[in-house]
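Enquirer: Okay, handing you the structure first.
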Amino acid sequence: MYVNNKKKACEYIGIESFEYLMDAGTSQEELLSLIDRLNKDSAVSGILCQLPLPDHIDEQAVINAIDPKKDVDAFHPVNVGKIMTGNYDFVPCTPAGVMELIKESGIDIEAKECVVVGRSNIVGKPMAMLLLHKNGTVTVCHSKTADLAEKTRKADILVAAVGIPNFIKGDMIKPGAVVIDVGINRIAPKKLVGDVEFESAEPAAGAITPVPGGVGPMTIAMLMKNTLKAAVINHDREAE
Ligand code: NDP
């Protein structure tokens with residue numbers, strides 16, 4: 001689903017995309033050699049490796065092999081470090097999409113209590129940093145957090161990135177809060193739900209994102225934005 005949506009978005013806006021579907025038995029060396037080739041290919045501005053990878057492949061080694069200037073997912077340690085300092089080229093697509101939703105909805109982050117549930121490298125941690133850069137007061141919660149509901153009820157802006165269907169209920173939400181549901185959970189062949197129980201949360205929230213159709217499409221849009229930026233960066237680099 002993710003890969004197809006990315007390909008469709010590229011086609012829609014006029015970015016040529018190349019898909020390298022590799023067998024599950026592909027060795028790490030073969031994968032790294034492909035990445036090396038794409039790093040050197042001036043026709044390629046952006047590279048992403050769709051995670052997760054099979055167990056025999058070291059995911060971090062693969063991420064590390066991608067040229068940071070072509071790393072449109074922003075997972076390379078160089079780009080992760082830049083996000084910490086606030087001086088970055090690429091932002092991970094999902095947190096970037098959440099920030100764009102907040103901005104376009106005219107919601108001010110400064111001085112707000114922001115609670116992020118989930119601390120993954122892909123979503124929770126960068127999400128917390130981006131909110132912090134916009135002067136939110138940020139709490140990051142995870143599976144070992146004590147009394148989670150007490151934390152979430154303080155949130156003016158609540159971001160759920162847990163991966164458990166309908167995990168955040170209406171009674172865990174401060175009345176009027178902005179609720180952003182990053183979760184995408186397939187509970188039946190044709191039924192996707194978020195990490196927030198929409199039916200109970202919607203009456204409590206001041207604003208809420210749906211699943212599907214909320215953060216998911218924004219993630220793809222931000223991937224396109226990163227790819228365009230990568231094209232400019234790599235064009236400038238070649239011109240030097
Ligand atoms: P991970 O599984 O990597 O991380 C889940 C996080 O949730 C962990 O930090 C974990 O804590 C925390 N968690 C798990 N159980 C609890 C609990 N009972 N209470 C509090 N925290 C808990 O998931 P991702 O961050 O990759 O993804 C999260 C969700 O977002 C998934 O549904 C995924 O499909 C979706 N997603 C959506 C995208 C989009 O485009 N909309 C893009 C990427 C992801 P701990 O660290 O302690 O284990």
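For the structure tokens, the naming scheme is as follows: chains receive sequential letters (A, B, ...) according to their order of presentation, residues are indexed from 1 within each chain, and ligands are indexed from 1 in presentation order.
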Give me, as number ranges by chain, all polymer residues having an atom no more than 12 Å from Asp36 in chain A, counting only C-alpha atoms and skipping those fewer than 4 positions away in the same chain.
Expert: A: 29-32, 40-42, 44, 47, 62-67, 70
Enquirer: Please dump the current selection as a PDB file, in the first residue's frame; keep C-alpha atoms.
Expert:
ATOM      1  CA  GLU A  29      25.929  -7.203   0.121  1.00  0.00           C
ATOM      2  CA  GLU A  30      23.606  -7.215  -2.889  1.00  0.00           C
ATOM      3  CA  LEU A  31      21.386  -4.575  -1.312  1.00  0.00           C
ATOM      4  CA  LEU A  32      24.351  -2.401  -0.314  1.00  0.00           C
ATOM      5  CA  LYS A  40      26.578   7.364  -7.710  1.00  0.00           C
ATOM      6  CA  ASP A  41      23.819   7.699 -10.316  1.00  0.00           C
ATOM      7  CA  SER A  42      23.334  11.371 -11.118  1.00  0.00           C
ATOM      8  CA  VAL A  44      18.740   9.639  -9.057  1.00  0.00           C
ATOM      9  CA  ILE A  47      16.673   6.966  -2.427  1.00  0.00           C
ATOM     10  CA  VAL A  62      21.458  -0.137   4.983  1.00  0.00           C
ATOM     11  CA  ILE A  63      20.269   3.245   6.250  1.00  0.00           C
ATOM     12  CA  ASN A  64      23.888   4.282   6.848  1.00  0.00           C
ATOM     13  CA  ALA A  65      24.801   3.355   3.274  1.00  0.00           C
ATOM     14  CA  ILE A  66      22.392   5.837   1.687  1.00  0.00           C
ATOM     15  CA  ASP A  67      24.045   9.124   0.714  1.00  0.00           C
ATOM     16  CA  LYS A  70      19.752  11.537  -1.208  1.00  0.00           C
TER      17      LYS A  70
END
Enquirer: Identify, with DSSP run on backbone atoms, the residues in range 26-221 of chain A assigned to helix (DSSP H, G or I), and express the list as a ChimeraX atom specification.
Expert: /A:28-40,59-65,68-70,77-85,93-104,124-133,148-152,170-172,198-204,215-221
Enquirer: Which residues of chain A sit at most 7 Å from ligand 1, using only C-alpha atoms and all ligand atoms? Give each one's shortest atom pair and distance in Å (one decimal place), in chain and ascending residue order, as JSON lines.
Expert:
{"residue": "A:Thr94", "atom": "CA", "partner": "ligand 1", "partner_atom_place_in_ligand_line": "40 (O)", "distance": 5.3}
{"residue": "A:Val117", "atom": "CA", "partner": "ligand 1", "partner_atom_place_in_ligand_line": "21 (N)", "distance": 5.6}
{"residue": "A:Gly118", "atom": "CA", "partner": "ligand 1", "partner_atom_place_in_ligand_line": "6 (C)", "distance": 3.7}
{"residue": "A:Arg119", "atom": "CA", "partner": "ligand 1", "partner_atom_place_in_ligand_line": "9 (O)", "distance": 3.7}
{"residue": "A:Ser120", "atom": "CA", "partner": "ligand 1", "partner_atom_place_in_ligand_line": "25 (O)", "distance": 4.5}
{"residue": "A:Ile122", "atom": "CA", "partner": "ligand 1", "partner_atom_place_in_ligand_line": "25 (O)", "distance": 5.8}
{"residue": "A:Val123", "atom": "CA", "partner": "ligand 1", "partner_atom_place_in_ligand_line": "25 (O)", "distance": 4.8}
{"residue": "A:Gly124", "atom": "CA", "partner": "ligand 1", "partner_atom_place_in_ligand_line": "25 (O)", "distance": 5.9}
{"residue": "A:Cys141", "atom": "CA", "partner": "ligand 1", "partner_atom_place_in_ligand_line": "21 (N)", "distance": 5.9}
{"residue": "A:His142", "atom": "CA", "partner": "ligand 1", "partner_atom_place_in_ligand_line": "21 (N)", "distance": 3.5}
{"residue": "A:Ser143", "atom": "CA", "partner": "ligand 1", "partner_atom_place_in_ligand_line": "22 (C)", "distance": 3.7}
{"residue": "A:Lys144", "atom": "CA", "partner": "ligand 1", "partner_atom_place_in_ligand_line": "47 (O)", "distance": 5.5}
{"residue": "A:Thr145", "atom": "CA", "partner": "ligand 1", "partner_atom_place_in_ligand_line": "20 (C)", "distance": 6.4}
{"residue": "A:Leu148", "atom": "CA", "partner": "ligand 1", "partner_atom_place_in_ligand_line": "20 (C)", "distance": 6.9}
{"residue": "A:Ala161", "atom": "CA", "partner": "ligand 1", "partner_atom_place_in_ligand_line": "28 (C)", "distance": 4.0}
{"residue": "A:Val162", "atom": "CA", "partner": "ligand 1", "partner_atom_place_in_ligand_line": "7 (O)", "distance": 3.5}
{"residue": "A:Gly163", "atom": "CA", "partner": "ligand 1", "partner_atom_place_in_ligand_line": "32 (O)", "distance": 3.2}
{"residue": "A:Ile164", "atom": "CA", "partner": "ligand 1", "partner_atom_place_in_ligand_line": "32 (O)", "distance": 6.3}
{"residue": "A:Val182", "atom": "CA", "partner": "ligand 1", "partner_atom_place_in_ligand_line": "41 (N)", "distance": 4.6}
{"residue": "A:Gly183", "atom": "CA", "partner": "ligand 1", "partner_atom_place_in_ligand_line": "32 (O)", "distance": 3.4}
{"residue": "A:Ile184", "atom": "CA", "partner": "ligand 1", "partner_atom_place_in_ligand_line": "32 (O)", "distance": 4.2}
{"residue": "A:Asn185", "atom": "CA", "partner": "ligand 1", "partner_atom_place_in_ligand_line": "32 (O)", "distance": 5.3}
{"residue": "A:Gly194", "atom": "CA", "partner": "ligand 1", "partner_atom_place_in_ligand_line": "32 (O)", "distance": 6.7}
{"residue": "A:Asp195", "atom": "CA", "partner": "ligand 1", "partner_atom_place_in_ligand_line": "32 (O)", "distance": 6.5}
{"residue": "A:Val215", "atom": "CA", "partner": "ligand 1", "partner_atom_place_in_ligand_line": "41 (N)", "distance": 4.7}
{"residue": "A:Gly216", "atom": "CA", "partner": "ligand 1", "partner_atom_place_in_ligand_line": "41 (N)", "distance": 3.7}
{"residue": "A:Pro217", "atom": "CA", "partner": "ligand 1", "partner_atom_place_in_ligand_line": "40 (O)", "distance": 7.0}
{"residue": "A:Thr219", "atom": "CA", "partner": "ligand 1", "partner_atom_place_in_ligand_line": "40 (O)", "distance": 4.8}
Enquirer: One number please: CA of Leu34 in chain A to CA of Asn87 in chain A, in Å, one decimal.
Expert: 29.5 Å
Enquirer: Can you work out which one of A:Arg186, A:Arg237, A:Lys229, A:Lys174 has the shortest atom-to-atom distance to Ala207 in chain A, counting only C-alpha atoms?
Expert: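 The shortest atom-to-atom distance to Ala207 in chain A comes from A:Lys174.
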Enquirer: Just the residues within 8 Å of range 11-28 of chain A, please, counting only C-alpha atoms, with nothing from its chain fewer than 6 positions along; format it as a ChimeraX atom specification.
Expert: /A:54,56-58,62
Enquirer: Could you write those residues out with C-alpha atoms, as a PDB file, in the first residue's frame?
Expert:
ATOM      1  CA  PRO A  54      14.231  -9.344   6.538  1.00  0.00           C
ATOM      2  CA  HIS A  56      19.288 -11.358   8.051  1.00  0.00           C
ATOM      3  CA  ILE A  57      19.813  -7.752   6.898  1.00  0.00           C
ATOM      4  CA  ASP A  58      21.186  -5.118   9.253  1.00  0.00           C
ATOM      5  CA  VAL A  62      21.458  -0.137   4.983  1.00  0.00           C
TER       6      VAL A  62
END
Enquirer: Could you check the closest approach to Val178 in chain A for each of A:Val159, A:Leu223, A:Ala61, A:Ala9 and tell me which residue wins, using only C-alpha atoms?
Expert: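 Of the candidates, the smallest distance to Val178 in chain A is held by A:Val159.
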Enquirer: Provide the CA of Phe75 in chain A to CA of Asn39 in chain A distance in Å, to one decimal place.
Expert: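 Taking CA of Phe75 in chain A and CA of Asn39 in chain A, their separation equals 15.3 Å.
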Enquirer: Which residue, A:Asn166, A:Cys114, A:Pro189, A:Pro175, has the smallest gap to Lys151 in chain A when you use only C-alpha atoms?
Expert: A:Cys114
Enquirer: What's around Glu150 in chain A at 12 Å? Count only C-alpha atoms, leave out sequence neighbours fewer than 2 positions away in its own chain, and write the answer as a list in words.
Expert: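 Once the nearby chain positions are removed, what remains is Val115, Thr139, Cys141, Thr145, Ala146, Asp147, Leu148, Thr152, Arg153, Lys154, Ala155, Asp171, Met172, Ile173 and Lys174 of chain A.
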Enquirer: Using only C-alpha atoms, which residue out of A:Lys112, A:Lys125, A:Lys225, A:Lys169 lies closest to Phe198 in chain A?
Expert: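 Residue with the minimum atom-to-atom distance to Phe198 in chain A: A:Lys169.
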Enquirer: Write down as a PyMOL selection string the residues belonging to range 130-238 of chain A that are assigned strand (DSSP E) by DSSP computed on the backbone.
Expert: chain A and resi 137-141+157-160+178-181+185-188+191-193+207-208
Enquirer: Which of these, A:Val193, A:Leu131, A:Ala231, A:Ile157, has the shortest distance to Gly86 in chain A once you count only C-alpha atoms?
Expert: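 When distances to Gly86 in chain A are compared using only C-alpha atoms, the smallest one comes from A:Leu131.
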Enquirer: Taking only C-alpha atoms into account, name the residue in A:Glu59, A:Glu199, A:Asp108, A:Asp73 that is nearest to Met222 in chain A.
Expert: A:Asp73
Enquirer: Take CA of Val211 in chain A and CA of Ile187 in chain A and report the distance between them in Å, one decimal.
Expert: 12.3 Å
